[in-house]
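coords.pdb (PDB, C-alpha atoms) appears below.
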```pdb
ATOM      1  CA  MET A   1     -61.238  29.108  14.761
ATOM      2  CA  ALA A   2     -60.301  30.835  18.002
ATOM      3  CA  MET A   3     -59.368  34.101  16.314
ATOM      4  CA  ALA A   4     -62.749  34.479  14.661
ATOM      5  CA  GLU A   5     -64.435  35.586  17.867
ATOM      6  CA  GLY A   6     -64.116  39.323  18.457
ATOM      7  CA  HIS A   7     -61.897  39.900  15.394
ATOM      8  CA  LYS A   8     -62.028  43.543  14.364
ATOM      9  CA  SER A   9     -61.660  44.210  10.632
ATOM     10  CA  ASN A  10     -58.854  46.569   9.591
ATOM     11  CA  ALA A  11     -60.069  46.889   6.001
ATOM     12  CA  GLY A  12     -60.695  50.640   6.326
ATOM     13  CA  ARG A  13     -57.160  51.301   7.519
ATOM     14  CA  TYR A  14     -55.711  49.090   4.771
ATOM     15  CA  VAL A  15     -57.624  50.973   2.081
ATOM     16  CA  MET A  16     -56.372  54.328   3.451
ATOM     17  CA  VAL A  17     -52.742  53.160   3.383
ATOM     18  CA  TYR A  18     -53.274  51.666  -0.096
ATOM     19  CA  ILE A  19     -54.542  55.029  -1.388
ATOM     20  CA  CYS A  20     -51.558  56.810   0.216
ATOM     21  CA  ILE A  21     -49.096  54.406  -1.442
ATOM     22  CA  LEU A  22     -50.782  54.837  -4.834
ATOM     23  CA  ALA A  23     -50.714  58.632  -4.431
ATOM     24  CA  ILE A  24     -46.982  58.552  -3.630
ATOM     25  CA  ALA A  25     -46.373  56.288  -6.637
ATOM     26  CA  CYS A  26     -48.233  58.847  -8.798
ATOM     27  CA  LEU A  27     -45.960  61.578  -7.419
ATOM     28  CA  GLN A  28     -42.944  59.551  -8.540
ATOM     29  CA  PHE A  29     -44.358  59.346 -12.061
ATOM     30  CA  VAL A  30     -44.942  63.120 -12.071
ATOM     31  CA  ILE A  31     -41.354  63.729 -10.902
ATOM     32  CA  ALA A  32     -40.095  61.489 -13.721
ATOM     33  CA  TYR A  33     -41.437  64.012 -16.238
ATOM     34  CA  SER A  34     -40.388  67.168 -14.371
ATOM     35  CA  ASN A  35     -37.590  69.384 -15.630
ATOM     36  CA  ILE A  36     -34.934  68.827 -12.925
ATOM     37  CA  THR A  37     -31.419  67.370 -12.848
ATOM     38  CA  ALA A  38     -30.894  63.600 -12.600
ATOM     39  CA  SER A  39     -29.446  63.862  -9.075
ATOM     40  CA  GLN A  40     -32.439  65.916  -7.860
ATOM     41  CA  MET A  41     -34.783  63.406  -9.482
ATOM     42  CA  PHE A  42     -32.923  60.503  -7.878
ATOM     43  CA  ALA A  43     -33.047  62.080  -4.401
ATOM     44  CA  ARG A  44     -36.787  62.862  -4.611
ATOM     45  CA  MET A  45     -37.739  59.478  -5.995
ATOM     46  CA  LEU A  46     -35.646  57.620  -3.436
ATOM     47  CA  PHE A  47     -37.194  59.637  -0.606
ATOM     48  CA  LEU A  48     -40.711  58.816  -1.839
ATOM     49  CA  ALA A  49     -39.795  55.129  -2.265
ATOM     50  CA  VAL A  50     -38.574  55.042   1.355
ATOM     51  CA  VAL A  51     -41.874  56.601   2.532
ATOM     52  CA  GLU A  52     -43.845  54.026   0.499
ATOM     53  CA  ALA A  53     -41.753  51.194   1.928
ATOM     54  CA  ALA A  54     -42.205  52.509   5.472
ATOM     55  CA  LEU A  55     -45.996  52.599   5.032
ATOM     56  CA  ALA A  56     -45.996  49.045   3.680
ATOM     57  CA  LEU A  57     -43.745  47.810   6.509
ATOM     58  CA  LEU A  58     -45.705  49.508   9.272
ATOM     59  CA  PHE A  59     -49.268  48.860   8.165
ATOM     60  CA  PHE A  60     -49.299  46.074   5.542
ATOM     61  CA  MET A  61     -46.664  43.956   7.314
ATOM     62  CA  HIS A  62     -47.919  45.038  10.759
ATOM     63  CA  LEU A  63     -44.583  46.144  12.197
ATOM     64  CA  SER A  64     -46.383  49.047  13.904
ATOM     65  CA  ASP A  65     -48.021  46.458  16.194
ATOM     66  CA  ASN A  66     -44.720  44.982  17.414
ATOM     67  CA  HIS A  67     -42.100  47.567  18.358
ATOM     68  CA  GLY A  68     -39.496  44.975  19.360
ATOM     69  CA  LEU A  69     -39.625  43.315  15.943
ATOM     70  CA  LEU A  70     -39.734  46.732  14.260
ATOM     71  CA  TRP A  71     -36.405  47.711  15.850
ATOM     72  CA  PHE A  72     -34.894  44.302  15.068
ATOM     73  CA  VAL A  73     -35.820  44.537  11.378
ATOM     74  CA  VAL A  74     -34.936  48.222  10.978
ATOM     75  CA  VAL A  75     -31.562  48.090  12.770
ATOM     76  CA  PHE A  76     -30.320  45.011  10.880
ATOM     77  CA  THR A  77     -31.629  46.140   7.496
ATOM     78  CA  VAL A  78     -30.431  49.738   7.767
ATOM     79  CA  PHE A  79     -26.979  48.570   8.902
ATOM     80  CA  VAL A  80     -26.650  46.285   5.868
ATOM     81  CA  LEU A  81     -27.952  48.980   3.513
ATOM     82  CA  LEU A  82     -25.545  51.588   4.905
ATOM     83  CA  ALA A  83     -22.616  49.172   4.770
ATOM     84  CA  MET A  84     -23.229  48.744   1.044
ATOM     85  CA  GLN A  85     -22.737  52.434   0.332
ATOM     86  CA  TYR A  86     -18.945  52.404   0.686
ATOM     87  CA  GLY A  87     -18.379  51.990  -3.048
ATOM     88  CA  TRP A  88     -20.137  55.113  -4.320
ATOM     89  CA  THR A  89     -17.072  57.321  -4.206
ATOM     90  CA  ASP A  90     -15.377  54.893  -6.581
ATOM     91  CA  SER A  91     -18.201  55.225  -9.109
ATOM     92  CA  PHE A  92     -17.650  59.021  -9.133
ATOM     93  CA  ARG A  93     -13.915  58.425  -9.642
ATOM     94  CA  GLU A  94     -14.751  56.266 -12.670
ATOM     95  CA  LEU A  95     -16.953  59.007 -14.080
ATOM     96  CA  LEU A  96     -15.080  62.167 -13.201
ATOM     97  CA  GLY A  97     -11.563  61.016 -13.762
ATOM     98  CA  ALA A  98      -8.478  61.551 -11.693
ATOM     99  CA  PRO A  99      -6.738  59.525 -10.733
ATOM    100  CA  TRP A 100      -6.456  56.319 -12.804
ATOM    101  CA  SER A 101      -9.648  56.756 -14.814
ATOM    102  CA  SER A 102      -9.842  55.667 -18.427
ATOM    103  CA  TYR A 103     -12.006  58.735 -19.167
ATOM    104  CA  SER A 104      -9.445  61.212 -17.784
ATOM    105  CA  LYS A 105      -6.778  59.948 -20.214
ATOM    106  CA  SER A 106      -8.693  60.827 -23.369
TER     107      SER A 106
ATOM    108  CA  MET B 107     -54.216  26.029  36.262
ATOM    109  CA  SER B 108     -50.816  27.638  35.753
ATOM    110  CA  HIS B 109     -48.856  27.634  32.510
ATOM    111  CA  ALA B 110     -46.277  25.302  34.119
ATOM    112  CA  ASP B 111     -48.988  22.767  34.944
ATOM    113  CA  THR B 112     -50.292  22.706  31.382
ATOM    114  CA  MET B 113     -46.784  22.048  30.063
ATOM    115  CA  GLY B 114     -46.569  18.817  32.084
ATOM    116  CA  GLY B 115     -43.480  19.846  34.016
ATOM    117  CA  HIS B 116     -41.543  20.920  30.898
ATOM    118  CA  ALA B 117     -42.256  24.614  31.255
ATOM    119  CA  GLY B 118     -38.681  25.235  32.391
ATOM    120  CA  VAL B 119     -37.240  24.304  29.005
ATOM    121  CA  MET B 120     -39.833  26.208  26.939
ATOM    122  CA  GLU B 121     -38.573  29.631  25.921
ATOM    123  CA  LYS B 122     -40.800  32.526  25.000
ATOM    124  CA  PRO B 123     -40.621  33.181  21.236
ATOM    125  CA  ALA B 124     -38.411  36.090  20.197
ATOM    126  CA  PHE B 125     -40.395  39.369  20.064
ATOM    127  CA  SER B 126     -43.532  37.317  20.824
ATOM    128  CA  VAL B 127     -43.544  36.230  17.180
ATOM    129  CA  PRO B 128     -44.236  32.568  16.308
ATOM    130  CA  ALA B 129     -41.230  30.659  14.928
ATOM    131  CA  LYS B 130     -42.632  30.319  11.385
ATOM    132  CA  LYS B 131     -43.332  34.030  11.157
ATOM    133  CA  MET B 132     -39.876  34.853  12.554
ATOM    134  CA  ALA B 133     -38.308  32.591   9.925
ATOM    135  CA  MET B 134     -40.137  34.566   7.228
ATOM    136  CA  TRP B 135     -38.892  37.857   8.705
ATOM    137  CA  LEU B 136     -35.305  36.556   8.714
ATOM    138  CA  PHE B 137     -35.728  35.483   5.082
ATOM    139  CA  ILE B 138     -37.079  38.940   4.224
ATOM    140  CA  ILE B 139     -34.094  40.654   5.892
ATOM    141  CA  ALA B 140     -31.689  38.399   3.970
ATOM    142  CA  ASP B 141     -33.552  38.936   0.698
ATOM    143  CA  THR B 142     -33.500  42.694   1.282
ATOM    144  CA  ALA B 143     -29.706  42.454   1.304
ATOM    145  CA  THR B 144     -29.821  40.524  -2.008
ATOM    146  CA  PHE B 145     -31.973  43.123  -3.755
ATOM    147  CA  ALA B 146     -30.083  46.011  -2.155
ATOM    148  CA  GLY B 147     -26.813  44.500  -3.417
ATOM    149  CA  CYS B 148     -28.239  44.330  -6.947
ATOM    150  CA  LEU B 149     -29.630  47.873  -6.840
ATOM    151  CA  VAL B 150     -26.428  49.367  -5.392
ATOM    152  CA  ALA B 151     -24.363  47.572  -8.077
ATOM    153  CA  TYR B 152     -26.792  48.898 -10.681
ATOM    154  CA  GLY B 153     -26.455  52.421  -9.256
ATOM    155  CA  PHE B 154     -22.670  52.149  -9.326
ATOM    156  CA  LEU B 155     -22.671  51.116 -12.988
ATOM    157  CA  ARG B 156     -25.193  53.774 -13.973
ATOM    158  CA  ASN B 157     -23.262  56.499 -12.191
ATOM    159  CA  ALA B 158     -19.891  55.450 -13.605
ATOM    160  CA  THR B 159     -21.016  54.969 -17.212
ATOM    161  CA  PRO B 160     -21.453  58.110 -19.332
ATOM    162  CA  ASP B 161     -23.363  56.436 -22.206
ATOM    163  CA  TRP B 162     -26.025  54.794 -20.037
ATOM    164  CA  PRO B 163     -29.105  54.127 -22.214
ATOM    165  CA  ARG B 164     -32.545  55.651 -21.587
ATOM    166  CA  PRO B 165     -34.688  53.275 -23.610
ATOM    167  CA  PHE B 166     -38.131  53.722 -22.024
ATOM    168  CA  HIS B 167     -40.450  55.859 -24.138
ATOM    169  CA  SER B 168     -43.647  55.379 -22.137
ATOM    170  CA  ILE B 169     -44.553  54.689 -18.523
ATOM    171  CA  THR B 170     -47.971  53.182 -19.301
ATOM    172  CA  ASN B 171     -46.824  49.613 -18.783
ATOM    173  CA  VAL B 172     -44.922  50.307 -15.570
ATOM    174  CA  VAL B 173     -47.849  52.358 -14.177
ATOM    175  CA  LEU B 174     -50.173  49.430 -14.847
ATOM    176  CA  MET B 175     -47.737  46.928 -13.316
ATOM    177  CA  THR B 176     -47.325  49.104 -10.205
ATOM    178  CA  PHE B 177     -51.077  49.511  -9.814
ATOM    179  CA  ILE B 178     -51.621  45.752 -10.112
ATOM    180  CA  LEU B 179     -48.900  44.868  -7.601
ATOM    181  CA  VAL B 180     -49.945  47.452  -4.978
ATOM    182  CA  THR B 181     -53.588  46.401  -5.403
ATOM    183  CA  SER B 182     -52.589  42.765  -4.944
ATOM    184  CA  SER B 183     -51.086  43.722  -1.565
ATOM    185  CA  LEU B 184     -54.487  45.130  -0.570
ATOM    186  CA  THR B 185     -56.314  41.981  -1.716
ATOM    187  CA  MET B 186     -53.822  39.900   0.276
ATOM    188  CA  LEU B 187     -54.620  41.929   3.393
ATOM    189  CA  LEU B 188     -58.337  41.428   2.779
ATOM    190  CA  ALA B 189     -57.713  37.670   2.495
ATOM    191  CA  ILE B 190     -55.918  37.619   5.868
ATOM    192  CA  ASP B 191     -58.601  39.807   7.434
ATOM    193  CA  ALA B 192     -61.312  37.401   6.219
ATOM    194  CA  ALA B 193     -59.304  34.376   7.410
ATOM    195  CA  LYS B 194     -58.937  35.886  10.892
ATOM    196  CA  ALA B 195     -62.673  36.564  10.958
ATOM    197  CA  GLY B 196     -63.252  32.881  10.166
ATOM    198  CA  GLU B 197     -64.697  33.574   6.693
ATOM    199  CA  LYS B 198     -62.907  30.770   4.890
ATOM    200  CA  ALA B 199     -64.541  31.046   1.448
ATOM    201  CA  LYS B 200     -63.942  34.808   1.310
ATOM    202  CA  ALA B 201     -60.329  34.387   2.432
ATOM    203  CA  LEU B 202     -59.690  31.820  -0.307
ATOM    204  CA  GLN B 203     -61.364  34.045  -2.879
ATOM    205  CA  TRP B 204     -59.142  37.052  -2.020
ATOM    206  CA  THR B 205     -56.042  34.823  -1.963
ATOM    207  CA  MET B 206     -56.778  33.564  -5.469
ATOM    208  CA  ILE B 207     -57.471  37.127  -6.682
ATOM    209  CA  THR B 208     -54.033  38.069  -5.303
ATOM    210  CA  ALA B 209     -52.430  35.141  -7.156
ATOM    211  CA  GLY B 210     -54.307  36.172 -10.324
ATOM    212  CA  ALA B 211     -52.948  39.720  -9.998
ATOM    213  CA  GLY B 212     -49.464  38.220  -9.667
ATOM    214  CA  VAL B 213     -49.954  36.261 -12.890
ATOM    215  CA  LEU B 214     -51.167  39.410 -14.673
ATOM    216  CA  PHE B 215     -48.126  41.332 -13.410
ATOM    217  CA  ALA B 216     -45.793  38.575 -14.664
ATOM    218  CA  LEU B 217     -47.468  38.535 -18.100
ATOM    219  CA  LEU B 218     -47.109  42.328 -18.445
ATOM    220  CA  HIS B 219     -43.483  42.016 -17.372
ATOM    221  CA  ILE B 220     -42.772  39.344 -19.973
ATOM    222  CA  ARG B 221     -44.532  41.426 -22.646
ATOM    223  CA  GLU B 222     -42.255  44.335 -21.779
ATOM    224  CA  TRP B 223     -39.171  42.125 -21.942
ATOM    225  CA  LEU B 224     -40.202  40.809 -25.354
ATOM    226  CA  GLY B 225     -40.662  44.396 -26.571
ATOM    227  CA  LEU B 226     -37.140  45.334 -25.473
ATOM    228  CA  ILE B 227     -35.678  42.137 -26.935
ATOM    229  CA  GLY B 228     -37.514  42.964 -30.176
ATOM    230  CA  GLU B 229     -35.747  46.353 -30.223
ATOM    231  CA  GLY B 230     -32.399  44.560 -30.134
ATOM    232  CA  MET B 231     -31.636  44.460 -26.418
ATOM    233  CA  THR B 232     -29.849  41.394 -25.059
ATOM    234  CA  LEU B 233     -27.881  40.665 -21.898
ATOM    235  CA  LEU B 234     -24.656  41.950 -23.448
ATOM    236  CA  LYS B 235     -25.623  44.538 -26.062
ATOM    237  CA  ASN B 236     -28.280  47.055 -27.052
ATOM    238  CA  PRO B 237     -28.643  49.709 -29.768
ATOM    239  CA  TRP B 238     -28.629  52.704 -27.363
ATOM    240  CA  GLY B 239     -25.431  52.635 -25.312
ATOM    241  CA  THR B 240     -23.375  50.530 -22.957
ATOM    242  CA  GLY B 241     -23.988  46.790 -23.085
ATOM    243  CA  LEU B 242     -24.009  46.711 -19.285
ATOM    244  CA  PHE B 243     -27.564  48.045 -19.297
ATOM    245  CA  GLY B 244     -29.105  44.791 -20.554
ATOM    246  CA  ALA B 245     -27.283  42.702 -17.955
ATOM    247  CA  ALA B 246     -28.288  45.053 -15.126
ATOM    248  CA  PHE B 247     -31.895  45.451 -16.276
ATOM    249  CA  PHE B 248     -32.591  41.769 -16.908
ATOM    250  CA  SER B 249     -30.823  40.720 -13.683
ATOM    251  CA  ILE B 250     -32.813  43.024 -11.391
ATOM    252  CA  THR B 251     -36.208  42.727 -13.053
ATOM    253  CA  GLY B 252     -35.622  38.993 -13.611
ATOM    254  CA  LEU B 253     -34.852  38.447  -9.930
ATOM    255  CA  HIS B 254     -38.026  40.328  -9.042
ATOM    256  CA  LEU B 255     -40.063  38.377 -11.595
ATOM    257  CA  LEU B 256     -38.694  35.166 -10.092
ATOM    258  CA  HIS B 257     -39.919  36.307  -6.678
ATOM    259  CA  VAL B 258     -43.364  37.146  -8.092
ATOM    260  CA  THR B 259     -43.573  33.711  -9.723
ATOM    261  CA  GLY B 260     -42.532  32.023  -6.470
ATOM    262  CA  GLY B 261     -45.105  34.121  -4.615
ATOM    263  CA  VAL B 262     -47.912  33.091  -6.977
ATOM    264  CA  ILE B 263     -47.006  29.408  -6.524
ATOM    265  CA  ALA B 264     -46.861  29.871  -2.737
ATOM    266  CA  LEU B 265     -50.222  31.679  -2.669
ATOM    267  CA  VAL B 266     -51.944  28.936  -4.663
ATOM    268  CA  ALA B 267     -50.343  26.153  -2.583
ATOM    269  CA  VAL B 268     -51.131  27.787   0.768
ATOM    270  CA  GLY B 269     -54.626  28.716  -0.430
ATOM    271  CA  ILE B 270     -55.405  25.129  -1.393
ATOM    272  CA  ARG B 271     -54.088  23.800   1.920
ATOM    273  CA  TYR B 272     -55.973  26.493   3.805
ATOM    274  CA  LYS B 273     -59.152  25.380   2.034
ATOM    275  CA  GLY B 274     -58.372  21.762   2.954
ATOM    276  CA  GLY B 275     -57.898  22.712   6.612
ATOM    277  CA  ARG B 276     -54.175  21.879   6.811
ATOM    278  CA  TYR B 277     -53.170  25.532   7.076
ATOM    279  CA  ASN B 278     -54.762  28.330   9.086
ATOM    280  CA  ALA B 279     -54.979  32.135   9.059
ATOM    281  CA  ASP B 280     -51.442  32.437  10.483
ATOM    282  CA  ASP B 281     -49.998  30.523   7.528
ATOM    283  CA  LEU B 282     -51.874  32.794   5.158
ATOM    284  CA  GLU B 283     -50.476  35.822   7.018
ATOM    285  CA  ILE B 284     -46.905  34.516   6.711
ATOM    286  CA  THR B 285     -47.337  34.057   2.944
ATOM    287  CA  GLY B 286     -48.809  37.557   2.887
ATOM    288  CA  LEU B 287     -45.618  38.936   4.461
ATOM    289  CA  TYR B 288     -43.630  37.547   1.543
ATOM    290  CA  TRP B 289     -46.094  39.007  -0.959
ATOM    291  CA  HIS B 290     -45.881  42.478   0.629
ATOM    292  CA  PHE B 291     -42.093  42.226   0.492
ATOM    293  CA  VAL B 292     -42.258  41.560  -3.269
ATOM    294  CA  ASP B 293     -44.432  44.688  -3.585
ATOM    295  CA  LEU B 294     -42.006  46.671  -1.408
ATOM    296  CA  VAL B 295     -39.029  45.773  -3.607
ATOM    297  CA  TRP B 296     -40.949  46.935  -6.692
ATOM    298  CA  MET B 297     -41.321  50.373  -5.059
ATOM    299  CA  PHE B 298     -37.535  50.775  -5.400
ATOM    300  CA  VAL B 299     -37.133  49.030  -8.771
ATOM    301  CA  VAL B 300     -39.618  51.366 -10.512
ATOM    302  CA  PRO B 301     -37.892  54.705  -9.814
ATOM    303  CA  LEU B 302     -34.311  53.437 -10.050
ATOM    304  CA  VAL B 303     -34.550  51.138 -13.062
ATOM    305  CA  TYR B 304     -37.463  52.581 -15.051
ATOM    306  CA  LEU B 305     -38.223  56.211 -14.213
ATOM    307  CA  LEU B 306     -34.592  57.388 -14.146
ATOM    308  CA  ASN B 307     -34.126  55.849 -17.599
ATOM    309  CA  LEU B 308     -37.009  57.531 -19.406
ATOM    310  CA  SER B 309     -36.163  59.050 -22.773
ATOM    311  CA  HIS B 310     -37.487  62.617 -22.613
TER     312      HIS B 310
END
```

Represent the supplied structure as structure tokens.
Amino acid sequence: MAMAEGHKSNAGRYVMVYICILAIACLQFVIAYSNITASQMFARMLFLAVVEAALALLFFMHLSDNHGLLWFVVVFTVFVLLAMQYGWTDSFRELLGAPWSSYSKS
Amino acid sequence: MSHADTMGGHAGVMEKPAFSVPAKKMAMWLFIIADTATFAGCLVAYGFLRNATPDWPRPFHSITNVVLMTFILVTSSLTMLLAIDAAKAGEKAKALQWTMITAGAGVLFALLHIREWLGLIGEGMTLLKNPWGTGLFGAAFFSITGLHLLHVTGGVIALVAVGIRYKGGRYNADDLEITGLYWHFVDLVWMFVVPLVYLLNLSH
């Protein structure tokens, strides 16, 4: 195999990133049992999940080695993810009431 | 000898691959982007329902199972990387061994997932009703975790198939790396499913 010659192992780097991801996952579990509001919990957990995902994308999926592909993936994915957020205000309307909410009538 | 000479006069019609990524790998990246939209759609819909429903159930008493499942899946990503590393170093037997360990971890994850499902079903949870609150919870929970479980199952099948063909010499380290991309994606999705679907629904 042509690649076998001069191939440098990245095992050390992978193990470091693996430990970081596990540590962040542990933090999420700690937050789950902390005495904070649901919205604070949601924000903290989502932030940590994004950090975990970024580590996996950059080092496990090797996007840090290809900046062109990194931008391609990030721009398209973030655009789609942001475009999906338009409906949140409606979920608050459903919960909080006015106008036209079934809960506000009771 | 120039590149044009080696292409036998057809160099003019050969385009450089996009982002210097081989076509098969690019196809996997496009699939991953599309699948991200699928999972994001499910999770946003789940978030909408959870936010808009006052009697959303919190049925999870313990995080032991989900901690174990997370540990297994993240560890399987590491073993997949070790398989690719060994394949690139030309250590075929070691690469196959790590690939099969990764597939084994996937099977273990799926079994723990099914055990958890059976526990919830045993407590009276179905797609349309549950004893704790809105019936929407069952539909949302089984849809998201089921879609993820389907991806894990597909990943295990892919790992075994690619591993066997790699052993037989039909596939090479690049093919193993492309399968690895999919496996890391499955792990990445789980990083969002755990906090949103499990940890925010713990009964304190």

Which residues, named as in the file, does the PyMOL selection byres ((chain A) within 9 of (chain B)) pick out? Answer as a JSON list (two decimals) with C-alpha atoms, keeping the file's coordinate frame.
```
[["chain", "number", "residue", "atom", "x", "y", "z"],
["A", 1, "MET", "CA", -61.24, 29.11, 14.76],
["A", 2, "ALA", "CA", -60.30, 30.84, 18.00],
["A", 3, "MET", "CA", -59.37, 34.10, 16.31],
["A", 4, "ALA", "CA", -62.75, 34.48, 14.66],
["A", 5, "GLU", "CA", -64.44, 35.59, 17.87],
["A", 6, "GLY", "CA", -64.12, 39.32, 18.46],
["A", 7, "HIS", "CA", -61.90, 39.90, 15.39],
["A", 8, "LYS", "CA", -62.03, 43.54, 14.36],
["A", 9, "SER", "CA", -61.66, 44.21, 10.63],
["A", 10, "ASN", "CA", -58.85, 46.57, 9.59],
["A", 11, "ALA", "CA", -60.07, 46.89, 6.00],
["A", 14, "TYR", "CA", -55.71, 49.09, 4.77],
["A", 15, "VAL", "CA", -57.62, 50.97, 2.08],
["A", 18, "TYR", "CA", -53.27, 51.67, -0.10],
["A", 21, "ILE", "CA", -49.10, 54.41, -1.44],
["A", 22, "LEU", "CA", -50.78, 54.84, -4.83],
["A", 25, "ALA", "CA", -46.37, 56.29, -6.64],
["A", 26, "CYS", "CA", -48.23, 58.85, -8.80],
["A", 28, "GLN", "CA", -42.94, 59.55, -8.54],
["A", 29, "PHE", "CA", -44.36, 59.35, -12.06],
["A", 31, "ILE", "CA", -41.35, 63.73, -10.90],
["A", 32, "ALA", "CA", -40.10, 61.49, -13.72],
["A", 33, "TYR", "CA", -41.44, 64.01, -16.24],
["A", 38, "ALA", "CA", -30.89, 63.60, -12.60],
["A", 41, "MET", "CA", -34.78, 63.41, -9.48],
["A", 42, "PHE", "CA", -32.92, 60.50, -7.88],
["A", 45, "MET", "CA", -37.74, 59.48, -6.00],
["A", 46, "LEU", "CA", -35.65, 57.62, -3.44],
["A", 49, "ALA", "CA", -39.80, 55.13, -2.26],
["A", 50, "VAL", "CA", -38.57, 55.04, 1.36],
["A", 52, "GLU", "CA", -43.84, 54.03, 0.50],
["A", 53, "ALA", "CA", -41.75, 51.19, 1.93],
["A", 56, "ALA", "CA", -46.00, 49.04, 3.68],
["A", 57, "LEU", "CA", -43.74, 47.81, 6.51],
["A", 60, "PHE", "CA", -49.30, 46.07, 5.54],
["A", 61, "MET", "CA", -46.66, 43.96, 7.31],
["A", 66, "ASN", "CA", -44.72, 44.98, 17.41],
["A", 67, "HIS", "CA", -42.10, 47.57, 18.36],
["A", 68, "GLY", "CA", -39.50, 44.98, 19.36],
["A", 69, "LEU", "CA", -39.62, 43.32, 15.94],
["A", 72, "PHE", "CA", -34.89, 44.30, 15.07],
["A", 73, "VAL", "CA", -35.82, 44.54, 11.38],
["A", 76, "PHE", "CA", -30.32, 45.01, 10.88],
["A", 77, "THR", "CA", -31.63, 46.14, 7.50],
["A", 80, "VAL", "CA", -26.65, 46.28, 5.87],
["A", 81, "LEU", "CA", -27.95, 48.98, 3.51],
["A", 84, "MET", "CA", -23.23, 48.74, 1.04],
["A", 85, "GLN", "CA", -22.74, 52.43, 0.33],
["A", 87, "GLY", "CA", -18.38, 51.99, -3.05],
["A", 88, "TRP", "CA", -20.14, 55.11, -4.32],
["A", 90, "ASP", "CA", -15.38, 54.89, -6.58],
["A", 91, "SER", "CA", -18.20, 55.22, -9.11],
["A", 92, "PHE", "CA", -17.65, 59.02, -9.13],
["A", 93, "ARG", "CA", -13.92, 58.42, -9.64],
["A", 94, "GLU", "CA", -14.75, 56.27, -12.67],
["A", 95, "LEU", "CA", -16.95, 59.01, -14.08],
["A", 96, "LEU", "CA", -15.08, 62.17, -13.20]]
```

Return the padded bounding box of segment 57-70 of chain A as lines of an AutoDock Vina configuration file: axis-aligned, built from all atoms listed in the file, 5 Å added on each side, with centre and edge lengths in Å to one decimal.
```
center_x = -44.4
center_y = 46.4
center_z = 12.5
size_x = 19.8
size_y = 16.2
size_z = 23.8
```

Exercise. Starting from the shown file, work through the PyMOL selection byres ((chain B and resi 208) around 8) and note down what comes out as an NGL selection string.
Key: :B and (182-183 or 185-186 or 204-207 or 209-212 or 265)

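For the pair atom CA of Lys131 of chain B and atom CA of Gly12 of chain A, the separation is 24.5 Å.
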
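Going from atom CA of Val303 of chain B over to atom CA of Leu255 of chain B, you cover 14.0 Å.
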
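Across the model, the gap from atom CA of Ser249 of chain B to atom CA of Arg221 of chain B is 16.4 Å.
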
Exercise. Any chance you could resolve the PyMOL selection byres ((chain B and resi 273) around 12) against this file and give the residues as a list in words?
Key: Ala193, Gly196, Glu197, Lys198, Ala199, Lys200, Ala201, Leu202, Gln203, Thr205, Met206, Leu265, Val266, Ala267, Val268, Gly269, Ile270, Arg271, Tyr272, Gly274, Gly275, Arg276, Tyr277, Asn278, Ala279, Asp281 and Leu282 of chain B

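Counting all atoms listed in the file, the residue from A:Ala54, A:Ile24, A:Leu82, A:Met16 that sits nearest to Leu70 of chain A is A:Ala54.
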